[in-house]
file data20.cif (mmCIF, C-alpha atoms)
data_my_file
loop_
_atom_site.label_atom_id
_atom_site.label_comp_id
_atom_site.auth_asym_id
_atom_site.auth_seq_id
_atom_site.Cartn_x
_atom_site.Cartn_y
_atom_site.Cartn_z
CA MET E 23 25.20 7.56 -1.94
CA ARG E 24 24.77 10.42 0.51
CA ILE E 25 21.87 11.74 2.57
CA GLU E 26 21.09 15.43 2.96
CA SER E 27 18.39 17.57 4.55
CA TYR E 28 15.55 18.80 2.37
CA ARG E 29 16.05 21.66 -0.03
CA ARG E 30 13.42 22.90 -2.44
CA ASP E 31 15.65 22.24 -5.44
CA TYR E 32 15.26 18.50 -4.72
CA LEU E 33 11.48 18.77 -4.90
CA GLU E 34 10.97 18.07 -8.59
CA GLU E 35 12.83 14.76 -8.36
CA MET E 36 11.27 13.93 -4.97
CA THR E 37 7.73 14.22 -6.26
CA SER E 38 8.60 12.42 -9.49
CA LEU E 39 9.98 9.48 -7.48
CA TYR E 40 6.89 9.52 -5.25
CA ASN E 41 4.63 9.37 -8.30
CA ASP E 42 6.62 6.54 -9.90
CA GLU E 43 6.56 4.45 -6.73
CA THR E 44 2.82 4.94 -6.11
CA ALA E 45 1.58 4.79 -9.72
CA TYR E 46 0.07 1.34 -9.08
CA GLU E 47 -2.27 2.72 -6.38
CA PRO E 48 -5.23 4.86 -7.57
CA HIS E 49 -6.16 5.80 -3.98
CA ILE E 50 -2.85 7.66 -3.61
CA ALA E 51 -2.98 11.07 -5.28
CA PRO E 52 0.02 12.29 -7.29
CA LEU E 53 2.26 14.98 -5.87
CA ASN E 54 3.80 17.93 -7.64
CA PRO E 55 6.03 20.66 -6.18
CA LYS E 56 3.18 23.14 -5.76
CA ARG E 57 0.95 20.61 -4.00
CA PHE E 58 3.82 19.52 -1.75
CA ILE E 59 4.57 23.11 -0.72
CA THR E 60 0.91 23.84 0.05
CA MET E 61 0.11 20.62 1.89
CA VAL E 62 3.45 19.88 3.55
CA GLU E 63 6.10 22.59 3.53
CA ASP E 64 3.81 25.52 4.40
CA LYS E 65 2.52 23.93 7.63
CA SER E 66 3.74 25.64 10.78
CA TYR E 67 5.31 22.52 12.27
CA PHE E 68 7.23 21.50 9.12
CA ASP E 69 10.96 21.19 9.84
CA PRO E 70 13.22 20.67 6.79
CA GLU E 71 15.83 19.00 9.01
CA GLY E 72 13.41 16.12 9.55
CA LEU E 73 13.00 15.50 5.83
CA ARG E 74 16.03 13.60 4.56
CA VAL E 75 16.82 12.95 0.91
CA ALA E 76 19.02 10.11 -0.40
CA LEU E 77 21.14 11.05 -3.40
CA ASP E 78 23.21 8.84 -5.69
CA GLY E 79 25.21 10.47 -8.43
CA GLY E 80 23.35 13.70 -7.68
CA ARG E 81 19.95 12.08 -8.30
CA VAL E 82 17.21 11.53 -5.71
CA VAL E 83 16.84 7.82 -4.93
CA GLY E 84 14.64 8.08 -1.84
CA TRP E 85 13.31 10.36 0.88
CA ILE E 86 11.87 10.13 4.37
CA HIS E 87 9.82 12.66 6.34
CA ALA E 88 10.15 12.71 10.13
CA CYS E 89 8.42 15.33 12.25
CA VAL E 90 7.57 16.41 15.77
CA ALA E 91 4.02 17.65 15.34
CA PRO E 92 0.72 18.00 17.22
CA PRO E 93 -2.07 15.42 16.96
CA SER E 94 -4.68 15.97 14.27
CA GLU E 95 -7.88 14.42 15.63
CA MET E 96 -10.65 16.33 17.38
CA TYR E 97 -10.53 14.11 20.48
CA GLN E 98 -6.77 14.57 20.98
CA ASP E 99 -4.96 17.20 23.04
CA GLY E 100 -3.79 19.82 20.54
CA ASN E 101 -1.13 21.05 22.98
CA MET E 102 0.79 17.79 22.84
CA THR E 103 3.30 16.73 20.20
CA ALA E 104 4.42 13.33 18.93
CA ALA E 105 7.59 12.17 17.18
CA ARG E 106 6.91 10.24 14.02
CA ILE E 107 7.86 9.33 10.49
CA ARG E 108 5.04 10.23 8.12
CA MET E 109 6.47 9.17 4.75
CA LEU E 110 9.14 6.90 3.29
CA ILE E 111 9.63 6.55 -0.46
CA PHE E 112 12.34 4.63 -2.30
CA PRO E 113 12.50 2.06 -5.14
CA ARG E 114 12.20 -1.61 -4.27
CA ASP E 115 15.71 -2.31 -5.54
CA ARG E 116 17.26 0.37 -3.29
CA LEU E 117 16.75 -1.24 0.12
CA GLN E 118 20.11 0.11 1.31
CA ALA E 119 18.84 3.64 0.68
CA GLY E 120 15.60 2.92 2.56
CA SER E 121 17.45 1.49 5.56
CA ALA E 122 19.86 4.43 5.64
CA LEU E 123 16.98 6.90 5.50
CA VAL E 124 15.20 5.19 8.42
CA ALA E 125 18.41 5.30 10.47
CA GLU E 126 18.91 9.01 9.71
CA ALA E 127 15.32 9.92 10.54
CA THR E 128 15.42 7.92 13.78
CA ALA E 129 18.62 9.62 14.85
CA TRP E 130 17.00 13.01 14.25
CA LEU E 131 13.86 12.03 16.21
CA LYS E 132 15.98 11.01 19.20
CA GLY E 133 16.78 14.70 19.66
CA SER E 134 13.12 15.34 20.46
CA GLY E 135 13.34 13.63 23.83
CA LYS E 136 10.16 11.66 23.10
CA LYS E 137 9.72 8.19 24.55
CA GLU E 138 8.46 6.52 21.40
CA PHE E 139 8.56 7.10 17.67
CA GLU E 140 5.75 6.22 15.27
CA ALA E 141 6.19 5.21 11.65
CA ILE E 142 3.20 5.88 9.37
CA HIS E 143 0.98 5.07 12.36
CA ALA E 144 -2.60 6.00 13.26
CA LYS E 145 -2.03 6.69 16.97
CA ALA E 146 -1.28 10.42 17.03
CA GLY E 147 -3.04 11.41 13.84
CA TYR E 148 -1.97 12.68 10.45
CA PRO E 149 -0.23 16.07 10.31
CA PHE E 150 0.93 15.48 6.72
CA TYR E 151 -0.32 13.69 3.59
CA ARG E 152 -3.91 13.46 4.80
CA GLY E 153 -6.38 13.35 1.94
CA ILE E 154 -3.85 12.27 -0.67
CA TRP E 155 -2.56 8.98 0.78
CA LEU E 156 -5.13 6.17 1.08
CA GLY E 157 -8.01 8.28 2.31
CA GLY E 158 -8.15 9.83 5.74
CA GLU E 159 -5.79 7.39 7.45
CA PRO E 160 -2.32 7.66 5.88
CA MET E 161 -0.64 4.45 7.04
CA GLY E 162 1.89 2.11 5.47
CA PRO E 163 0.39 -0.29 2.90
CA ALA E 164 1.36 -3.92 3.45
CA ASP E 165 1.86 -4.22 -0.32
CA MET E 166 4.94 -1.98 -0.10
CA PRO E 167 7.10 -4.74 1.46
CA HIS E 168 10.36 -2.88 0.88
CA VAL E 169 9.08 0.03 3.02
CA GLN E 170 7.86 -2.37 5.71
CA LEU E 171 11.22 -4.17 5.66
CA ALA E 172 13.21 -0.94 6.00
CA PHE E 173 11.17 0.00 9.08
CA GLU E 174 11.46 -3.50 10.56
CA VAL E 175 15.23 -3.53 10.16
CA GLY E 176 15.29 -0.04 11.68
CA GLY E 177 13.60 -1.28 14.86
CA TYR E 178 10.00 -0.25 14.13
CA LYS E 179 7.62 -3.04 15.09
CA ASN E 180 4.10 -3.63 13.77
CA THR E 181 1.77 -2.26 16.47
CA HIS E 182 -1.40 -1.40 14.52
CA GLU E 183 -3.26 -2.86 11.56
CA SER E 184 -6.22 -1.45 9.68
CA VAL E 185 -8.16 -2.52 6.62
CA PHE E 186 -8.72 0.09 3.93
CA MET E 187 -12.05 -0.52 2.20
CA ALA E 188 -13.22 0.98 -1.08
CA ALA E 189 -16.41 1.12 -3.13
CA GLY E 190 -17.57 2.45 -6.46
CA MET E 191 -20.58 4.79 -6.56
CA PRO E 192 -22.20 4.50 -9.99
CA ALA E 193 -25.37 5.86 -8.38
CA PRO E 194 -26.27 7.38 -5.01
CA PRO E 195 -27.37 4.82 -2.40
CA SER E 196 -30.97 4.72 -1.28
CA ASP E 197 -31.77 5.79 2.25
CA ALA E 198 -31.14 2.87 4.58
CA PRO E 199 -34.03 1.78 6.84
CA ALA E 200 -33.58 3.01 10.41
CA SER E 201 -35.54 3.53 13.60
CA PRO E 202 -38.68 5.69 13.22
CA GLY E 203 -38.10 9.27 14.26
CA LEU E 204 -34.41 9.34 13.32
CA GLU E 205 -33.31 12.88 12.47
CA MET E 206 -30.02 14.01 11.00
CA GLU E 207 -28.03 17.24 11.07
CA GLU E 208 -25.26 18.03 8.58
CA PHE E 209 -22.51 20.55 9.32
CA THR E 210 -18.92 21.51 8.62
CA ALA E 211 -16.61 19.64 10.96
CA PRO E 212 -15.26 21.94 13.70
CA MET E 213 -11.51 22.40 13.84
CA ARG E 214 -11.00 21.77 17.56
CA HIS E 215 -7.35 22.83 17.65
CA GLU E 216 -4.64 24.17 15.35
CA GLY E 217 -3.13 20.75 14.66
CA MET E 218 -6.44 19.54 13.32
CA ARG E 219 -6.95 22.66 11.22
CA GLU E 220 -3.55 22.31 9.55
CA SER E 221 -4.06 18.59 9.01
CA TRP E 222 -7.10 19.40 6.85
CA ILE E 223 -5.62 22.28 4.82
CA GLY E 224 -6.99 21.99 1.30
CA PHE E 225 -10.11 20.05 2.29
CA GLU E 226 -13.51 20.73 3.85
CA PRO E 227 -14.33 17.86 6.22
CA MET E 228 -18.01 17.43 7.05
CA GLY E 229 -20.01 15.88 9.86
CA ILE E 230 -23.46 14.31 10.25
CA ARG E 231 -25.18 13.77 13.59
CA ALA E 232 -28.09 11.39 14.12
CA PHE E 233 -30.72 12.06 16.80
CA LEU E 234 -33.40 9.84 18.32
CA GLY E 235 -35.93 11.44 20.61
CA GLY E 236 -33.81 14.58 20.75
CA GLU E 237 -30.76 12.63 21.96
CA GLU E 238 -27.59 12.33 19.87
CA ALA E 239 -27.33 8.67 18.91
CA GLY E 240 -24.36 8.67 16.54
CA SER E 241 -22.17 10.68 14.19
CA LEU E 242 -20.19 10.29 10.99
CA TRP E 243 -17.31 12.39 9.62
CA TRP E 244 -16.42 12.51 5.95
CA ALA E 245 -14.61 14.54 3.31
CA VAL E 246 -14.34 14.81 -0.46
CA LEU E 247 -10.88 13.89 -1.75
CA PRO E 248 -10.53 15.70 -5.08
CA HIS E 249 -6.86 14.99 -5.85
CA VAL E 250 -7.27 11.22 -6.27
CA ALA E 251 -9.46 11.99 -9.31
CA GLU E 252 -6.20 12.31 -11.23
CA ARG E 253 -5.82 8.53 -10.89
CA LEU E 254 -9.33 7.25 -10.13
CA GLY E 255 -11.01 9.41 -12.78
CA ALA E 256 -13.41 11.06 -10.29
CA PRO E 257 -13.24 12.38 -6.71
CA CYS E 258 -13.53 9.94 -3.82
CA MET E 259 -15.39 10.51 -0.58
CA ASN E 260 -13.66 9.24 2.55
CA ILE E 261 -15.28 8.37 5.87
CA TRP E 262 -12.77 9.22 8.59
CA GLY E 263 -14.92 8.66 11.65
CA LEU E 264 -18.10 6.80 12.59
CA GLY E 265 -19.61 6.07 15.99
CA VAL E 266 -22.97 5.05 17.44
CA SER E 267 -23.66 5.17 21.18
CA GLU E 268 -23.96 1.72 22.72
CA ILE E 269 -27.63 2.04 23.72
CA HIS E 270 -28.61 2.95 20.14
CA ARG E 271 -26.79 0.18 18.29
CA GLN E 272 -28.61 -2.39 16.15
CA LYS E 273 -31.14 0.26 15.10
CA GLY E 274 -29.83 0.97 11.60
CA ILE E 275 -28.23 4.28 12.61
CA ALA E 276 -24.75 3.52 11.24
CA SER E 277 -26.23 2.46 7.89
CA ALA E 278 -28.40 5.58 7.75
CA LEU E 279 -25.37 7.80 8.39
CA ILE E 280 -23.27 6.02 5.75
CA ALA E 281 -26.07 6.28 3.19
CA ARG E 282 -26.56 10.00 3.86
CA ALA E 283 -22.83 10.78 3.51
CA MET E 284 -22.48 8.75 0.31
CA ALA E 285 -25.58 10.35 -1.21
CA ARG E 286 -24.41 13.85 -0.32
CA SER E 287 -20.92 13.23 -1.72
CA TYR E 288 -22.42 11.86 -4.93
CA THR E 289 -24.11 15.21 -5.54
CA LEU E 290 -20.64 16.79 -5.18
CA GLY E 291 -19.21 14.64 -7.97
CA CYS E 292 -17.78 11.71 -6.03
CA ARG E 293 -17.98 8.33 -7.76
CA PHE E 294 -15.84 6.39 -5.31
CA ALA E 295 -15.86 5.95 -1.53
CA SER E 296 -13.25 4.76 0.97
CA VAL E 297 -12.83 4.14 4.68
CA GLY E 298 -10.19 2.75 7.03
CA THR E 299 -11.20 0.66 10.05
CA GLN E 300 -9.38 -1.47 12.60
CA LEU E 301 -8.71 -4.95 11.30
CA TRP E 302 -10.62 -6.51 14.21
CA ASN E 303 -13.76 -4.36 13.84
CA ALA E 304 -16.03 -6.92 12.16
CA PRO E 305 -19.30 -5.01 12.86
CA ALA E 306 -17.95 -1.97 11.00
CA HIS E 307 -16.81 -4.14 8.09
CA ALA E 308 -20.32 -5.60 7.84
CA SER E 309 -21.93 -2.14 7.90
CA TYR E 310 -19.75 -0.89 5.07
CA ALA E 311 -20.18 -4.09 3.04
CA LYS E 312 -23.91 -3.30 2.75
CA PHE E 313 -22.93 -0.32 0.59
CA GLY E 314 -20.50 -2.14 -1.67
CA PHE E 315 -17.30 -1.55 0.28
CA VAL E 316 -14.78 -4.37 -0.16
CA PRO E 317 -11.43 -4.96 1.60
CA TYR E 318 -8.81 -3.23 -0.50
CA ARG E 319 -5.52 -2.85 1.38
CA ILE E 320 -4.09 -3.86 4.74
CA LEU E 321 -2.41 -0.85 6.36
CA VAL E 322 0.31 -1.17 8.98
CA GLY E 323 1.42 1.27 11.67
CA ARG E 324 4.77 0.80 13.39
CA THR E 325 6.37 2.00 16.63
CA SER E 326 9.93 2.16 17.92
CA ILE E 327 10.90 2.69 21.55
CA PRO E 328 14.48 3.96 21.95
CA GLU E 329 16.79 1.62 23.83
CA GLY E 330 16.79 2.25 27.57
CA VAL E 331 13.50 4.18 27.57
CA ARG E 332 10.74 3.08 29.93
CA LEU E 333 7.17 4.05 29.10
#
call {"tool": "encode", "arguments": {"input": "data20.cif", "output": "structure tokens"}}
result
Amino acid sequence: MRIESYRRDYLEEMTSLYNDETAYEPHIAPLNPKRFITMVEDKSYFDPEGLRVALDGGRVVGWIHACVAPPSEMYQDGNMTAARIRMLIFPRDRLQAGSALVAEATAWLKGSGKKEFEAIHAKAGYPFYRGIWLGGEPMGPADMPHVQLAFEVGGYKNTHESVFMAAGMPAPPSDAPASPGLEMEEFTAPMRHEGMRESWIGFEPMGIRAFLGGEEAGSLWWAVLPHVAERLGAPCMNIWGLGVSEIHRQKGIASALIARAMARSYTLGCRFASVGTQLWNAPAHASYAKFGFVPYRILVGRTSIPEGVRL
């Protein structure tokens, strides 16, 4: 077995391996070379040296994607960069390949001079694979134990857990009861910086604001994920942000926002919905459960701090 940097002639086998290893998961969209080039390779911060491919007998048996890229969320500083591993794919019976790939990617990240490295984590956002990997929060599924083990052996510790929730939408939800006088405004989500814009290439994320008495009381951010229709059978809407100001909680605003987004996405052809929330956020879980969301996957984010580094 040997490990080499990415070349486009590996791409057919890379995407085929990705599809084989994720075929069990309908909320992960298939990849093909064209989709990979558009959503990954064409981004300005893509570095082929950070994408390592494991080969055995000339065949691809695994790959890992490390990057030094800007954050992707609207509330983050778009001028900063973070060192992270965004993808690791290998068969469950090739743990040696997975461990070797993690070691290679980590060695490459050390050249960035960063003080910590993330592995399929939520902290600094999602520069790659957003919208095709478990909704809007591409993290490592706990039901890929071989991937989790390769990271653990490589020194990446579990530092973040989320629950991915999913729901079917056989019909649009009815408007949820809320405080009298609640008004809503729908709009295209603003791309606050270049990292966010590139993170959403191929998608049109939307926003909804709720107002009470002329004051903004809460907001919700969502997007249609068309590519998962290849496995789910129909597009899925994903909620990637929801917040209600503290003084306006317990007034039905979160439920009203969720209902509006689900109803709007239904008119656009969505028949499934998904969301990722922190594992500890019981109030959010309860709000989503009202609309048929059930716990679906536990997602894990990992972090490694290089030896001798002080944060």
call {"tool": "closest_residue", "arguments": {"input": "data20.cif", "among": "E:Ile269, E:Cys89, E:Ala189, E:Ala122", "to": "Phe150 of chain E", "atoms": "only C-alpha atoms"}}
result
E:Cys89
call {"tool": "resolve_selection", "arguments": {"input": "data20.cif", "expression": "the PyMOL selection byres ((chain E and resi 292) around 8)", "output": "PyMOL selection string"}}
result
chain E and resi 191+246+256-259+287-291+293-295
call {"tool": "atom_distance", "arguments": {"input": "data20.cif", "atom1": "atom CA of Trp302 of chain E", "atom2": "atom CA of Pro48 of chain E"}}
result
25.2 Å
call {"tool": "resolve_selection", "arguments": {"input": "data20.cif", "expression": "the PyMOL selection byres ((chain E and resi 203) around 8)", "output": "mmCIF file with C-alpha atoms, in the coordinates of the input"}}
result
data_model
loop_
_atom_site.group_PDB
_atom_site.id
_atom_site.type_symbol
_atom_site.label_atom_id
_atom_site.label_comp_id
_atom_site.auth_asym_id
_atom_site.auth_seq_id
_atom_site.Cartn_x
_atom_site.Cartn_y
_atom_site.Cartn_z
ATOM 1 C CA SER E 201 -35.540 3.530 13.600
ATOM 2 C CA PRO E 202 -38.680 5.690 13.220
ATOM 3 C CA LEU E 204 -34.410 9.340 13.320
ATOM 4 C CA GLU E 205 -33.310 12.880 12.470
ATOM 5 C CA LEU E 234 -33.400 9.840 18.320
ATOM 6 C CA GLY E 235 -35.930 11.440 20.610
#
call {"tool": "resolve_selection", "arguments": {"input": "data20.cif", "expression": "the PyMOL selection byres ((chain E and resi 124-136) around 8)", "output": "list in words"}}
result
Gly72, Leu73, Arg74, Ile86, His87, Ala88, Cys89, Val90, Ala104, Ala105, Arg106, Ile107, Gly120, Ser121, Ala122, Leu123, Lys137, Glu138, Phe139, Ala172, Phe173, Gly176 and Pro328 of chain E
call {"tool": "atom_distance", "arguments": {"input": "data20.cif", "atom1": "atom CA of Leu53 of chain E", "atom2": "atom CA of Leu171 of chain E"}}
result
24.1 Å
call {"tool": "residues_around", "arguments": {"input": "data20.cif", "residues": "Ala91 of chain E", "least_positions_apart": "3", "cutoff": "10 Å", "atoms": "all atoms listed in the file", "output": "count of residues only"}}
result
19
call {"tool": "residues_around", "arguments": {"input": "data20.cif", "residues": "Ala164 of chain E", "least_positions_apart": "4", "cutoff": "7 Å", "atoms": "all atoms listed in the file", "output": "list in words"}}
result
Ile320, Leu321 and Val322 of chain E
call {"tool": "atom_distance", "arguments": {"input": "data20.cif", "atom1": "atom CA of Pro113 of chain E", "atom2": "atom CA of Ser296 of chain E"}}
result
26.6 Å
call {"tool": "closest_residue", "arguments": {"input": "data20.cif", "among": "E:Ile230, E:Ala308, E:Ala245, E:Ala239", "to": "Leu279 of chain E", "atoms": "all atoms listed in the file"}}
result
E:Ile230
call {"tool": "closest_residue", "arguments": {"input": "data20.cif", "among": "E:Val83, E:Ile25, E:Ile154, E:Leu33", "to": "Pro248 of chain E", "atoms": "all atoms listed in the file"}}
result
E:Ile154
call {"tool": "closest_residue", "arguments": {"input": "data20.cif", "among": "E:Phe313, E:Met213, E:His143, E:Gly84", "to": "Pro192 of chain E", "atoms": "all atoms listed in the file"}}
result
E:Phe313
call {"tool": "closest_residue", "arguments": {"input": "data20.cif", "among": "E:His249, E:Gln272, E:Arg24, E:Gly224", "to": "Asn54 of chain E", "atoms": "all atoms listed in the file"}}
result
E:His249
call {"tool": "axis_aligned_box", "arguments": {"input": "data20.cif", "around": "segment 31-48 of chain E", "padding_each_side": "4 Å", "output": "lines of an AutoDock Vina configuration file"}}
result
center_x = 5.2
center_y = 11.8
center_z = -7.3
size_x = 28.9
size_y = 28.9
size_z = 13.2
call {"tool": "closest_residue", "arguments": {"input": "data20.cif", "among": "E:Trp243, E:Phe225, E:Tyr178, E:Trp85", "to": "Met284 of chain E", "atoms": "all atoms listed in the file"}}
result
E:Trp243
call {"tool": "residues_around", "arguments": {"input": "data20.cif", "residues": "Arg30 of chain E", "least_positions_apart": "3", "cutoff": "10 Å", "atoms": "only C-alpha atoms", "output": "NGL selection string"}}
result
:E and (33-34 or 36 or 55 or 59 or 63 or 70)
call {"tool": "decode", "arguments": {"input": "data20.cif", "residues": "segment 207-261 of chain E", "atoms": "C-alpha atoms", "output": "mmCIF file, in the first residue's frame"}}
result
data_model
loop_
_atom_site.group_PDB
_atom_site.id
_atom_site.type_symbol
_atom_site.label_atom_id
_atom_site.label_comp_id
_atom_site.auth_asym_id
_atom_site.auth_seq_id
_atom_site.Cartn_x
_atom_site.Cartn_y
_atom_site.Cartn_z
ATOM 1 C CA GLU E 207 -40.286 37.824 6.510
ATOM 2 C CA GLU E 208 -38.707 35.371 4.062
ATOM 3 C CA PHE E 209 -35.504 36.142 2.179
ATOM 4 C CA THR E 210 -32.425 34.652 0.561
ATOM 5 C CA ALA E 211 -29.718 34.153 3.169
ATOM 6 C CA PRO E 212 -26.971 36.782 2.816
ATOM 7 C CA MET E 213 -23.488 35.508 2.085
ATOM 8 C CA ARG E 214 -21.589 37.463 4.743
ATOM 9 C CA HIS E 215 -18.110 36.542 3.510
ATOM 10 C CA GLU E 216 -16.414 34.561 0.750
ATOM 11 C CA GLY E 217 -15.970 31.442 2.863
ATOM 12 C CA MET E 218 -19.693 31.259 3.426
ATOM 13 C CA ARG E 219 -20.470 31.864 -0.241
ATOM 14 C CA GLU E 220 -18.198 29.032 -1.377
ATOM 15 C CA SER E 221 -19.540 26.722 1.321
ATOM 16 C CA TRP E 222 -23.006 27.044 -0.244
ATOM 17 C CA ILE E 223 -22.023 26.682 -3.919
ATOM 18 C CA GLY E 224 -24.760 24.691 -5.628
ATOM 19 C CA PHE E 225 -27.477 25.607 -3.117
ATOM 20 C CA GLU E 226 -29.727 28.564 -2.318
ATOM 21 C CA PRO E 227 -29.988 28.874 1.474
ATOM 22 C CA MET E 228 -32.995 30.799 2.747
ATOM 23 C CA GLY E 229 -33.888 32.696 5.902
ATOM 24 C CA ILE E 230 -37.074 33.561 7.790
ATOM 25 C CA ARG E 231 -37.309 36.282 10.425
ATOM 26 C CA ALA E 232 -40.108 36.532 12.981
ATOM 27 C CA PHE E 233 -41.216 39.909 14.366
ATOM 28 C CA LEU E 234 -43.363 40.833 17.354
ATOM 29 C CA GLY E 235 -44.379 44.442 17.760
ATOM 30 C CA GLY E 236 -41.873 45.441 15.093
ATOM 31 C CA GLU E 237 -38.990 43.800 16.994
ATOM 32 C CA GLU E 238 -37.097 40.808 15.610
ATOM 33 C CA ALA E 239 -37.916 37.899 17.904
ATOM 34 C CA GLY E 240 -36.262 34.979 16.128
ATOM 35 C CA SER E 241 -34.928 33.581 12.866
ATOM 36 C CA LEU E 242 -34.565 30.296 11.036
ATOM 37 C CA TRP E 243 -32.200 29.321 8.200
ATOM 38 C CA TRP E 244 -32.914 26.488 5.803
ATOM 39 C CA ALA E 245 -32.039 25.069 2.398
ATOM 40 C CA VAL E 246 -33.327 22.525 -0.093
ATOM 41 C CA LEU E 247 -30.942 19.592 -0.556
ATOM 42 C CA PRO E 248 -31.696 18.207 -4.022
ATOM 43 C CA HIS E 249 -28.873 15.667 -4.357
ATOM 44 C CA VAL E 250 -30.093 13.362 -1.570
ATOM 45 C CA ALA E 251 -33.174 12.685 -3.726
ATOM 46 C CA GLU E 252 -31.008 10.122 -5.523
ATOM 47 C CA ARG E 253 -31.201 7.992 -2.362
ATOM 48 C CA LEU E 254 -34.244 9.301 -0.481
ATOM 49 C CA GLY E 255 -36.462 9.482 -3.568
ATOM 50 C CA ALA E 256 -37.266 13.195 -3.107
ATOM 51 C CA PRO E 257 -35.390 16.342 -2.029
ATOM 52 C CA CYS E 258 -34.876 17.029 1.660
ATOM 53 C CA MET E 259 -35.082 20.398 3.375
ATOM 54 C CA ASN E 260 -32.459 21.047 6.035
ATOM 55 C CA ILE E 261 -32.670 23.521 8.907
#
